[in-house]
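Printed here is entry.csv (CSV, C-alpha atoms and all ligand atoms):
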```csv
chain,number,residue,atom,x,y,z
A,211,MET,CA,-19.0,-16.6,-50.5
A,212,SER,CA,-15.4,-17.7,-51.0
A,213,THR,CA,-13.9,-16.1,-54.1
A,214,ILE,CA,-10.9,-16.7,-56.3
A,215,SER,CA,-11.4,-13.8,-58.7
A,216,LYS,CA,-10.7,-10.4,-57.2
A,217,SER,CA,-14.0,-8.9,-56.0
A,218,PHE,CA,-15.3,-5.3,-55.6
A,219,GLN,CA,-18.5,-4.5,-54.0
A,220,ILE,CA,-20.1,-1.2,-55.2
A,221,ASP,CA,-23.4,0.4,-54.3
A,222,PRO,CA,-24.7,1.5,-57.7
A,223,HIS,CA,-26.6,4.4,-56.1
A,224,ASN,CA,-23.8,5.7,-53.9
A,225,PHE,CA,-20.2,5.2,-55.0
A,226,GLU,CA,-17.1,7.2,-55.9
A,227,ARG,CA,-15.7,6.8,-59.4
A,228,ALA,CA,-12.2,6.2,-57.9
A,229,MET,CA,-13.6,2.9,-56.5
A,230,LEU,CA,-13.5,1.6,-60.1
A,231,ASN,CA,-9.9,2.6,-60.9
A,232,GLU,CA,-8.5,-0.7,-60.0
A,233,ALA,CA,-11.1,-2.6,-62.1
A,234,ALA,CA,-10.4,-0.2,-65.0
A,235,LYS,CA,-6.7,-0.8,-64.7
A,236,ILE,CA,-7.3,-4.6,-65.0
A,237,LEU,CA,-9.3,-4.0,-68.2
A,238,LEU,CA,-6.7,-1.6,-69.6
A,239,SER,CA,-4.0,-4.2,-69.1
A,240,GLY,CA,-5.9,-6.8,-71.0
A,241,GLY,CA,-7.8,-8.5,-68.2
A,242,LEU,CA,-11.4,-9.7,-67.7
A,243,VAL,CA,-13.8,-7.9,-65.4
A,244,VAL,CA,-17.4,-8.8,-64.8
A,245,PHE,CA,-19.6,-5.7,-64.3
A,246,PRO,CA,-23.3,-5.0,-63.8
A,247,THR,CA,-25.5,-3.5,-66.6
A,248,GLU,CA,-29.2,-2.7,-66.4
A,249,THR,CA,-30.1,-5.9,-68.4
A,250,VAL,CA,-27.7,-8.7,-67.1
A,251,TYR,CA,-24.2,-8.8,-65.8
A,252,GLY,CA,-21.5,-8.5,-68.6
A,253,LEU,CA,-18.1,-10.1,-68.9
A,254,GLY,CA,-15.9,-7.2,-70.0
A,255,ALA,CA,-12.6,-6.8,-71.9
A,256,LEU,CA,-11.1,-4.1,-74.1
A,257,ALA,CA,-12.9,-4.2,-77.4
A,258,ARG,CA,-9.8,-3.3,-79.5
A,259,ASP,CA,-7.7,-6.0,-78.0
A,260,ALA,CA,-7.9,-9.3,-80.0
A,261,THR,CA,-6.1,-11.3,-77.2
A,262,ALA,CA,-8.5,-10.0,-74.5
A,263,ALA,CA,-11.5,-10.9,-76.8
A,264,LYS,CA,-10.1,-14.4,-77.1
A,265,ARG,CA,-9.8,-14.6,-73.3
A,266,ILE,CA,-13.6,-13.8,-73.1
A,267,TYR,CA,-14.4,-16.8,-75.4
A,268,ALA,CA,-12.2,-19.1,-73.4
A,269,ALA,CA,-13.6,-18.0,-70.0
A,270,LYS,CA,-17.2,-18.5,-71.2
A,271,GLY,CA,-16.5,-21.6,-73.3
A,272,ARG,CA,-18.1,-19.7,-76.1
A,273,PRO,CA,-17.8,-20.6,-79.8
A,274,SER,CA,-15.5,-18.0,-81.5
A,275,ASP,CA,-18.0,-17.2,-84.3
A,276,ASN,CA,-20.5,-15.8,-81.8
A,277,PRO,CA,-19.7,-12.0,-81.8
A,278,LEU,CA,-19.5,-9.8,-78.6
A,279,ILE,CA,-21.5,-6.7,-77.9
A,280,VAL,CA,-19.3,-3.6,-77.6
A,281,HIS,CA,-20.3,-1.2,-74.7
A,282,VAL,CA,-19.8,2.6,-74.9
A,283,ASP,CA,-20.4,5.5,-72.6
A,284,SER,CA,-21.5,8.0,-75.4
A,285,ILE,CA,-22.5,8.4,-79.0
A,286,ARG,CA,-19.0,9.9,-79.5
A,287,MET,CA,-17.3,6.7,-78.3
A,288,ALA,CA,-19.7,4.6,-80.4
A,289,GLN,CA,-18.4,6.5,-83.5
A,290,THR,CA,-14.9,5.2,-82.8
A,291,ALA,CA,-16.2,1.6,-83.1
A,292,VAL,CA,-18.2,1.9,-86.2
A,293,ALA,CA,-17.3,2.8,-89.8
A,294,ASP,CA,-20.3,5.2,-90.1
A,295,MET,CA,-22.7,6.2,-87.4
A,296,THR,CA,-25.6,6.5,-89.8
A,297,ASP,CA,-28.6,8.9,-89.4
A,298,GLU,CA,-30.8,5.9,-88.4
A,299,ALA,CA,-28.3,4.8,-85.8
A,300,ARG,CA,-28.1,8.3,-84.4
A,301,VAL,CA,-31.9,8.6,-84.1
A,302,LEU,CA,-32.0,5.3,-82.2
A,303,ALA,CA,-29.1,6.1,-80.0
A,304,GLU,CA,-30.5,9.5,-79.1
A,305,LYS,CA,-33.9,8.1,-78.3
A,306,PHE,CA,-33.0,4.8,-76.5
A,307,TRP,CA,-29.4,5.3,-75.0
A,308,PRO,CA,-28.4,4.8,-72.3
A,309,GLY,CA,-30.7,1.7,-72.4
A,310,PRO,CA,-31.4,-1.9,-73.5
A,311,LEU,CA,-30.9,-1.4,-77.3
A,312,THR,CA,-28.0,-2.8,-79.2
A,313,ILE,CA,-27.4,-1.5,-82.7
A,314,ILE,CA,-25.5,-3.4,-85.5
A,315,LEU,CA,-23.4,-1.3,-87.9
A,316,LYS,CA,-20.4,-1.8,-90.1
A,317,LYS,CA,-17.3,-1.9,-87.8
A,318,SER,CA,-14.4,0.5,-87.8
A,319,GLU,CA,-10.7,-0.7,-88.0
A,320,ASN,CA,-10.4,-0.1,-84.2
A,321,ILE,CA,-12.5,-3.3,-83.6
A,322,PRO,CA,-10.7,-6.5,-84.5
A,323,THR,CA,-12.6,-9.4,-86.0
A,324,GLU,CA,-11.8,-11.5,-82.9
A,325,THR,CA,-14.3,-9.2,-81.1
A,326,THR,CA,-16.9,-9.5,-83.8
A,327,GLY,CA,-16.8,-13.3,-84.4
A,328,GLY,CA,-15.2,-12.8,-87.8
A,329,LEU,CA,-17.9,-10.3,-89.0
A,330,ASP,CA,-17.3,-6.9,-90.6
A,331,THR,CA,-20.2,-5.6,-88.5
A,332,VAL,CA,-20.2,-4.7,-84.8
A,333,ALA,CA,-23.0,-4.6,-82.2
A,334,ILE,CA,-22.9,-1.6,-79.9
A,335,ARG,CA,-24.8,-0.3,-77.0
A,336,MET,CA,-24.6,2.2,-74.1
A,337,PRO,CA,-25.8,0.6,-70.9
A,338,ASP,CA,-28.1,2.4,-68.4
A,339,ASN,CA,-26.1,1.6,-65.3
A,340,ASN,CA,-23.8,4.0,-63.5
A,341,ILE,CA,-21.2,1.5,-62.6
A,342,ALA,CA,-20.9,0.3,-66.2
A,343,LEU,CA,-20.8,3.8,-67.6
A,344,SER,CA,-18.2,5.0,-65.1
A,345,LEU,CA,-16.0,2.0,-65.7
A,346,ILE,CA,-16.1,2.6,-69.5
A,347,GLU,CA,-15.5,6.3,-69.0
A,348,ILE,CA,-12.4,5.7,-66.9
A,349,CYS,CA,-11.1,3.2,-69.5
A,350,GLY,CA,-11.8,5.9,-72.1
A,351,GLU,CA,-12.5,3.3,-74.8
A,352,PRO,CA,-15.2,0.7,-75.7
A,353,ILE,CA,-15.5,-2.5,-73.7
A,354,ALA,CA,-16.7,-5.7,-75.2
A,355,ALA,CA,-19.0,-7.7,-73.0
A,356,PRO,CA,-21.2,-10.7,-73.5
A,357,SER,CA,-23.5,-11.9,-70.7
A,358,ALA,CA,-21.4,-13.1,-67.8
A,359,ASN,CA,-22.4,-16.8,-67.9
A,360,LEU,CA,-20.9,-20.0,-69.2
A,361,SER,CA,-21.9,-20.5,-72.8
A,362,GLY,CA,-25.4,-22.1,-73.0
A,363,ARG,CA,-26.4,-21.3,-69.4
A,364,PRO,CA,-29.0,-18.7,-68.3
A,365,SER,CA,-27.8,-15.1,-68.1
A,366,PRO,CA,-26.8,-13.8,-64.7
A,367,THR,CA,-29.2,-11.3,-63.0
A,368,ARG,CA,-27.7,-11.6,-59.5
A,369,ILE,CA,-24.1,-11.7,-58.4
A,370,SER,CA,-24.5,-15.2,-57.0
A,371,HIS,CA,-25.2,-16.4,-60.6
A,372,VAL,CA,-21.9,-14.8,-61.7
A,373,TYR,CA,-19.9,-16.5,-59.0
A,374,GLU,CA,-21.5,-19.8,-59.8
A,375,ASP,CA,-20.4,-19.7,-63.4
A,376,LEU,CA,-17.2,-17.6,-63.6
A,377,ASP,CA,-15.4,-17.3,-60.3
A,378,GLY,CA,-11.8,-18.1,-60.9
A,379,ARG,CA,-12.2,-17.8,-64.7
A,380,VAL,CA,-12.0,-14.0,-64.7
A,381,ASP,CA,-9.6,-11.5,-63.1
A,382,ALA,CA,-12.2,-9.5,-61.2
A,383,ILE,CA,-16.0,-9.3,-60.4
A,384,ILE,CA,-17.8,-6.1,-59.6
A,385,ASP,CA,-20.8,-6.8,-57.4
A,386,GLY,CA,-23.4,-4.0,-58.1
A,387,GLY,CA,-26.4,-5.9,-56.7
A,388,ASP,CA,-29.3,-7.4,-58.6
A,389,VAL,CA,-29.8,-6.0,-62.1
A,390,GLU,CA,-32.8,-3.8,-62.9
A,391,LEU,CA,-34.3,-5.5,-66.0
A,392,GLY,CA,-33.2,-9.1,-66.1
A,393,LEU,CA,-33.3,-9.8,-69.9
A,394,GLU,CA,-30.7,-8.9,-72.5
A,395,SER,CA,-31.0,-5.9,-74.8
A,396,THR,CA,-33.0,-5.8,-77.9
A,397,ILE,CA,-30.7,-6.2,-81.0
A,398,VAL,CA,-31.5,-4.3,-84.2
A,399,ASP,CA,-29.5,-4.8,-87.3
A,400,LEU,CA,-29.2,-1.5,-89.3
A,401,THR,CA,-26.9,-3.0,-92.0
A,402,VAL,CA,-29.9,-4.7,-93.7
A,403,THR,CA,-32.9,-3.2,-95.5
A,404,PRO,CA,-35.4,-3.0,-93.9
A,405,PRO,CA,-33.7,-2.9,-90.4
A,406,ALA,CA,-34.3,-6.2,-88.6
A,407,VAL,CA,-34.7,-7.1,-84.9
A,408,LEU,CA,-32.4,-10.0,-84.3
A,409,ARG,CA,-33.2,-10.5,-80.6
A,410,ALA,CA,-36.4,-9.3,-78.9
A,411,GLY,CA,-36.1,-7.3,-75.6
A,412,PHE,CA,-37.7,-4.6,-73.6
A,413,ILE,CA,-37.7,-2.2,-76.5
A,414,GLY,CA,-40.1,-3.5,-79.1
A,415,ALA,CA,-39.8,-3.5,-82.9
A,416,ASP,CA,-42.9,-1.2,-82.9
A,417,GLU,CA,-41.0,1.4,-80.8
A,418,ILE,CA,-38.0,1.2,-83.1
A,419,GLN,CA,-40.2,1.5,-86.1
A,420,ARG,CA,-41.9,4.6,-84.7
A,421,ALA,CA,-38.6,6.2,-84.0
A,422,LEU,CA,-37.2,5.5,-87.5
A,423,LYS,CA,-40.4,6.1,-89.3
A,424,ILE,CA,-39.7,3.1,-91.6
A,425,GLU,CA,-40.7,-0.5,-91.6
A,426,VAL,CA,-38.7,-2.8,-89.2
A,427,ARG,CA,-38.7,-6.5,-89.4
A,428,SER,CA,-39.5,-8.2,-86.2
A,429,ARG,CA,-39.0,-11.8,-85.1
A,430,ASP,CA,-41.9,-14.2,-85.1
A,431,ILE,CA,-41.6,-16.4,-82.0
A,432,ARG,CA,-44.3,-18.7,-83.3
A,433,CYS,CA,-42.1,-19.7,-86.3
A,434,GLU,CA,-38.7,-20.2,-84.8
A,435,THR,CA,-37.6,-22.2,-87.9
A,436,THR,CA,-38.2,-19.4,-90.5
A,437,ASP,CA,-35.2,-17.9,-92.3
A,438,ALA,CA,-35.8,-14.6,-90.5
A,439,PRO,CA,-32.3,-13.0,-89.8
A,440,LYS,CA,-30.9,-14.0,-86.5
A,441,ALA,CA,-27.9,-13.0,-84.5
A,442,PRO,CA,-25.2,-15.7,-84.9
A,443,GLY,CA,-25.4,-16.5,-81.2
A,444,MET,CA,-29.1,-17.4,-81.5
A,445,LYS,CA,-28.3,-20.7,-83.2
A,446,TYR,CA,-26.6,-22.1,-80.2
A,447,ARG,CA,-28.2,-23.9,-77.2
A,448,HIS,CA,-29.1,-21.1,-74.8
A,449,TYR,CA,-30.3,-20.1,-71.4
A,450,ALA,CA,-30.7,-23.8,-70.4
A,451,PRO,CA,-31.2,-25.0,-66.9
A,452,LYS,CA,-29.9,-28.5,-65.9
A,453,ALA,CA,-33.5,-29.6,-65.7
A,454,ARG,CA,-35.5,-30.8,-68.7
A,455,LEU,CA,-37.8,-27.9,-69.3
A,456,PHE,CA,-41.1,-28.2,-71.1
A,457,ILE,CA,-43.4,-25.4,-72.2
A,458,VAL,CA,-47.1,-26.2,-71.9
A,459,SER,CA,-49.3,-24.6,-74.6
A,460,GLY,CA,-52.5,-22.8,-73.7
A,461,GLU,CA,-53.0,-20.1,-71.2
A,462,ASP,CA,-56.1,-21.2,-69.4
A,463,GLU,CA,-57.4,-23.5,-66.6
A,464,SER,CA,-57.2,-26.6,-68.7
A,465,ALA,CA,-53.5,-26.0,-69.6
A,466,ALA,CA,-52.9,-25.5,-65.8
A,467,LYS,CA,-54.6,-28.8,-65.0
A,468,LYS,CA,-52.6,-30.6,-67.7
A,469,THR,CA,-49.4,-29.0,-66.2
A,470,ALA,CA,-50.3,-30.3,-62.8
A,471,ASP,CA,-50.9,-33.8,-64.1
A,472,LEU,CA,-47.6,-33.9,-65.9
A,473,ALA,CA,-45.6,-32.6,-62.9
A,474,HIS,CA,-47.3,-35.2,-60.6
A,475,GLU,CA,-46.7,-38.0,-63.1
A,476,ALA,CA,-43.0,-37.1,-63.2
A,477,ARG,CA,-42.8,-36.8,-59.4
A,478,ASP,CA,-44.5,-40.2,-59.0
A,479,LYS,CA,-41.8,-41.7,-61.3
A,480,GLY,CA,-39.3,-40.4,-58.7
A,481,LEU,CA,-38.1,-37.3,-60.6
A,482,LYS,CA,-37.6,-34.0,-58.8
A,483,SER,CA,-40.2,-32.0,-60.6
A,484,ALA,CA,-41.3,-28.3,-60.8
A,485,ILE,CA,-44.0,-26.1,-62.2
A,486,ILE,CA,-43.3,-22.5,-63.3
A,487,SER,CA,-46.5,-20.5,-63.0
A,488,SER,CA,-47.9,-17.0,-63.1
A,489,CYS,CA,-49.5,-15.6,-59.9
A,490,GLU,CA,-52.8,-15.9,-61.7
A,491,PHE,CA,-52.5,-19.6,-62.3
A,492,ALA,CA,-50.8,-20.5,-59.1
A,493,LYS,CA,-54.2,-21.2,-57.5
A,494,TYR,CA,-54.7,-24.2,-59.8
A,495,TYR,CA,-51.8,-26.0,-58.1
A,496,ASP,CA,-52.4,-27.8,-54.8
A,497,ASP,CA,-48.9,-29.0,-54.5
A,498,LYS,CA,-47.1,-25.8,-53.5
A,499,ASP,CA,-43.8,-27.7,-53.0
A,500,LEU,CA,-43.5,-28.0,-56.8
A,501,LEU,CA,-44.4,-24.4,-57.5
A,502,TYR,CA,-42.1,-21.6,-58.8
A,503,VAL,CA,-44.2,-18.4,-59.2
A,504,ILE,CA,-42.7,-16.1,-61.9
A,505,GLY,CA,-44.9,-13.0,-61.6
A,506,SER,CA,-48.2,-11.5,-62.6
A,507,ARG,CA,-49.5,-11.7,-66.2
A,508,ASN,CA,-50.5,-8.1,-65.7
A,509,ASP,CA,-46.8,-7.2,-65.1
A,510,SER,CA,-44.8,-8.6,-67.9
A,511,LYS,CA,-41.7,-6.7,-66.7
A,512,GLU,CA,-41.9,-8.8,-63.5
A,513,ILE,CA,-42.1,-12.0,-65.4
A,514,ALA,CA,-39.2,-11.0,-67.7
A,515,GLY,CA,-37.2,-9.9,-64.7
A,516,ASN,CA,-37.7,-13.2,-62.8
A,517,LEU,CA,-37.2,-15.6,-65.7
A,518,TYR,CA,-33.4,-16.2,-65.4
A,519,ASP,CA,-33.6,-16.2,-61.6
A,520,ILE,CA,-36.1,-19.0,-61.7
A,521,LEU,CA,-34.0,-21.0,-64.2
A,522,HIS,CA,-31.1,-20.6,-61.8
A,523,LYS,CA,-33.3,-21.6,-58.8
A,524,LEU,CA,-34.3,-24.9,-60.6
A,525,ASP,CA,-30.6,-25.7,-60.7
A,526,GLU,CA,-30.0,-24.8,-57.1
A,527,ASP,CA,-32.9,-27.1,-56.1
A,528,ASN,CA,-31.6,-29.9,-58.3
A,529,VAL,CA,-34.9,-30.0,-60.2
A,530,GLU,CA,-34.8,-32.7,-62.9
A,531,ILE,CA,-37.9,-31.9,-64.9
A,532,ALA,CA,-39.9,-28.7,-65.1
A,533,TYR,CA,-43.1,-27.6,-66.8
A,534,CYS,CA,-43.7,-23.9,-67.6
A,535,GLU,CA,-46.8,-22.0,-68.5
A,536,SER,CA,-46.8,-20.2,-72.0
A,537,PHE,CA,-46.8,-16.4,-72.3
A,538,TYR,CA,-47.9,-15.6,-75.8
A,539,ASN,CA,-50.7,-13.3,-74.7
A,540,ILE,CA,-48.9,-10.7,-72.5
A,541,ASP,CA,-46.7,-7.7,-73.2
A,542,LEU,CA,-43.1,-8.5,-73.8
A,543,CYS,CA,-44.2,-12.0,-75.1
A,544,GLU,CA,-41.6,-12.0,-77.8
A,545,ALA,CA,-38.7,-11.3,-75.4
A,546,ILE,CA,-40.0,-13.8,-72.8
A,547,MET,CA,-41.0,-16.6,-75.2
A,548,GLU,CA,-37.8,-16.3,-77.3
A,549,ARG,CA,-35.7,-17.2,-74.2
A,550,LEU,CA,-38.1,-19.7,-72.8
A,551,ILE,CA,-38.3,-21.7,-76.0
A,552,LYS,CA,-34.5,-21.9,-76.2
A,553,ALA,CA,-34.2,-22.7,-72.5
A,554,ALA,CA,-36.7,-25.6,-73.2
A,555,GLY,CA,-34.7,-26.8,-76.2
A,556,HIS,CA,-37.9,-26.2,-78.2
A,557,ARG,CA,-39.8,-28.8,-76.2
A,558,ILE,CA,-43.4,-27.4,-76.4
A,559,LEU,CA,-46.3,-29.6,-75.4
A,560,GLU,CA,-49.5,-28.9,-77.4
B,1,LIG,O1,-28.1,-6.8,-72.6
B,1,LIG,C1,-27.1,-7.3,-73.2
B,1,LIG,O2,-27.1,-7.2,-74.5
B,1,LIG,C2,-26.0,-8.0,-72.5
B,1,LIG,C3,-25.3,-7.0,-71.6
B,1,LIG,C4,-24.1,-7.6,-70.9
B,1,LIG,O3,-25.0,-5.9,-72.3
B,1,LIG,N1,-25.1,-8.6,-73.4
B,1,LIG,C5,-25.4,-9.8,-74.1
B,1,LIG,O4,-24.4,-10.3,-74.8
B,1,LIG,O5,-26.5,-10.3,-74.1
B,1,LIG,P1,-24.3,-11.8,-75.4
B,1,LIG,O6,-23.0,-11.9,-76.0
B,1,LIG,O7,-24.8,-12.7,-74.4
B,1,LIG,O8,-25.3,-11.7,-76.7
B,1,LIG,C6,-24.9,-11.0,-77.8
B,1,LIG,C7,-25.7,-11.3,-79.0
B,1,LIG,C8,-25.4,-12.7,-79.5
B,1,LIG,O9,-26.6,-13.4,-79.9
B,1,LIG,C9,-24.6,-12.3,-80.8
B,1,LIG,O10,-24.7,-13.3,-81.8
B,1,LIG,C10,-25.2,-11.0,-81.2
B,1,LIG,O11,-25.4,-10.4,-80.0
B,1,LIG,N2,-24.3,-10.2,-82.0
B,1,LIG,C11,-23.2,-9.5,-81.5
B,1,LIG,N3,-22.6,-8.9,-82.6
B,1,LIG,C12,-23.3,-9.1,-83.7
B,1,LIG,C13,-23.2,-8.8,-85.0
B,1,LIG,N4,-22.2,-8.1,-85.5
B,1,LIG,N5,-24.1,-9.2,-85.9
B,1,LIG,C14,-25.2,-9.9,-85.4
B,1,LIG,N6,-25.3,-10.3,-84.2
B,1,LIG,C15,-24.4,-9.9,-83.3
B,2,MG,MG,-25.5,-14.4,-73.6
```
Rewrite the structure of this file - the entire thing - as structure tokens.
Amino acid sequence: MSTISKSFQIDPHNFERAMLNEAAKILLSGGLVVFPTETVYGLGALARDATAAKRIYAAKGRPSDNPLIVHVDSIRMAQTAVADMTDEARVLAEKFWPGPLTIILKKSENIPTETTGGLDTVAIRMPDNNIALSLIEICGEPIAAPSANLSGRPSPTRISHVYEDLDGRVDAIIDGGDVELGLESTIVDLTVTPPAVLRAGFIGADEIQRALKIEVRSRDIRCETTDAPKAPGMKYRHYAPKARLFIVSGEDESAAKKTADLAHEARDKGLKSAIISSCEFAKYYDDKDLLYVIGSRNDSKEIAGNLYDILHKLDEDNVEIAYCESFYNIDLCEAIMERLIKAAGHRILE
């Protein structure tokens, strides 16, 4: 891989903190550093530095009203970024951090509106990744980091995805291997009553509700057009591969047959076509050349973890049109379908 950004290779299970000193120095002097988290790779900059935040938006080509998530190494550091670490926030942080849960609270004066997309609230989380945590710890202050992809593209779960989108657009890239989970954190807004999940993820609304012992509004993936509260970033085109992606409704043999017919029809028209299928449905497709197997319906974590990798593979293989199975009847269906529907630009075939 030829690289233009400075690159560091770090084994997440075996590294010395000092190996991150140079990357921390770049951050502390206002630079941009890509680092791994357990969910997806993040594009980091000092959260208190308005100019650095602007550089993030420029590097990603991201609209400036789409706020960044602020990453911390502890509840104590979180307190410096928020006006008030409420009791509810503390309960969630103690239960789910470090981990894939982002909490929205009123921001403190330490966080400029450039970082929060003009809002007076801030999204914070403590990632469950030793490289990320050590890097933040060395910096000694919160690090703002959106997913490390160009705006609109699938989030990066492997270092090759990061290089493809951001090499030369950032000062440094820390290669910490493939990420563990592969989908972005759940976002819960604690500034509204009742608290509302703005983005689904590995931690479900039901788990948050159990921890808080109060009602929590969840997102309904079947009614994407309702006025349920959404994170500002959710209104933009997202996660999209270059191929025209379609979701085929139905999770049975007849849906699989329909998918095969559609993919063959497209291929016969001369289009490079693809089918995204679960292990269970793969047997319905004779044409293995077109097949991208995403994982087992009995292991929704596997499907969630492979989703962005498959979207990237479609691009690498120059696929022009792709048909994907639906996943409304499995665990993590909200988190998976929320991304798939956006990646497909809401093209759902009934
Ligand atoms: O897992 C993750 O959350 C990853 C890793 C890198 O930590 N980060 C991530 O960041 O997914 P990003 O920028 O791709 O997505 C952040 C989402 C956007 O939809 C944004 O609108 C929302 O969080 N968000 C950030 N601050 C917010 C706020 N104050 N109020 C509402 N939504 C907010
Ligand atoms: Mg993103």
Q: Within 6 Å of ligand LIG 1 (chain B), which residues show up when you count only C-alpha atoms and all ligand atoms? List them as number ranges by chain, please.
A: A: 249-252, 276-279, 310, 314, 326, 329, 331-333, 355-357, 394-395, 441-444
Can those selected residues be exported to a file as a PDB file, in the frame of the given file so that it contains C-alpha atoms?
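So again.pdb came out as:
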```
ATOM      1  CA  THR A 249     -30.100  -5.900 -68.400  1.00  0.00           C
ATOM      2  CA  VAL A 250     -27.700  -8.700 -67.100  1.00  0.00           C
ATOM      3  CA  TYR A 251     -24.200  -8.800 -65.800  1.00  0.00           C
ATOM      4  CA  GLY A 252     -21.500  -8.500 -68.600  1.00  0.00           C
ATOM      5  CA  ASN A 276     -20.500 -15.800 -81.800  1.00  0.00           C
ATOM      6  CA  PRO A 277     -19.700 -12.000 -81.800  1.00  0.00           C
ATOM      7  CA  LEU A 278     -19.500  -9.800 -78.600  1.00  0.00           C
ATOM      8  CA  ILE A 279     -21.500  -6.700 -77.900  1.00  0.00           C
ATOM      9  CA  PRO A 310     -31.400  -1.900 -73.500  1.00  0.00           C
ATOM     10  CA  ILE A 314     -25.500  -3.400 -85.500  1.00  0.00           C
ATOM     11  CA  THR A 326     -16.900  -9.500 -83.800  1.00  0.00           C
ATOM     12  CA  LEU A 329     -17.900 -10.300 -89.000  1.00  0.00           C
ATOM     13  CA  THR A 331     -20.200  -5.600 -88.500  1.00  0.00           C
ATOM     14  CA  VAL A 332     -20.200  -4.700 -84.800  1.00  0.00           C
ATOM     15  CA  ALA A 333     -23.000  -4.600 -82.200  1.00  0.00           C
ATOM     16  CA  ALA A 355     -19.000  -7.700 -73.000  1.00  0.00           C
ATOM     17  CA  PRO A 356     -21.200 -10.700 -73.500  1.00  0.00           C
ATOM     18  CA  SER A 357     -23.500 -11.900 -70.700  1.00  0.00           C
ATOM     19  CA  GLU A 394     -30.700  -8.900 -72.500  1.00  0.00           C
ATOM     20  CA  SER A 395     -31.000  -5.900 -74.800  1.00  0.00           C
ATOM     21  CA  ALA A 441     -27.900 -13.000 -84.500  1.00  0.00           C
ATOM     22  CA  PRO A 442     -25.200 -15.700 -84.900  1.00  0.00           C
ATOM     23  CA  GLY A 443     -25.400 -16.500 -81.200  1.00  0.00           C
ATOM     24  CA  MET A 444     -29.100 -17.400 -81.500  1.00  0.00           C
TER      25      MET A 444
END
```
Determine, using all atoms listed in the file, which residues of stretch 481-531 of chain A have any atom at most 10 Å from an atom of stretch 412-418 of chain A, and tabulate each with its shortest atom pair and distance in Å to one decimal place, rows ordered by chain and then rising number, as JSON lines.
```
{"residue": "A:Ser510", "atom": "CA", "partner": "A:Phe412", "partner_atom": "CA", "distance": 9.9}
{"residue": "A:Lys511", "atom": "CA", "partner": "A:Phe412", "partner_atom": "CA", "distance": 8.2}
{"residue": "A:Ala514", "atom": "CA", "partner": "A:Phe412", "partner_atom": "CA", "distance": 8.8}
```
Q. Given the choices A:Ile353, A:Ile431, A:Ile383, A:Leu393, which gets closest to ligand MG 2 (chain B) if the distance is worked out from only C-alpha atoms and all ligand atoms?
A. A:Leu393
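Going from atom CA of A:Val243 to atom CA of A:Val380 covers 6.4 Å.
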Q.
Please list, as a ChimeraX atom specification, the residues that have an atom at most 12 Å away from (-38.0, -26.1, -60.2) in the coordinates of this file, counting only C-alpha atoms.
A. /A:451-456,473,477,481-487,498-504,517,519-534
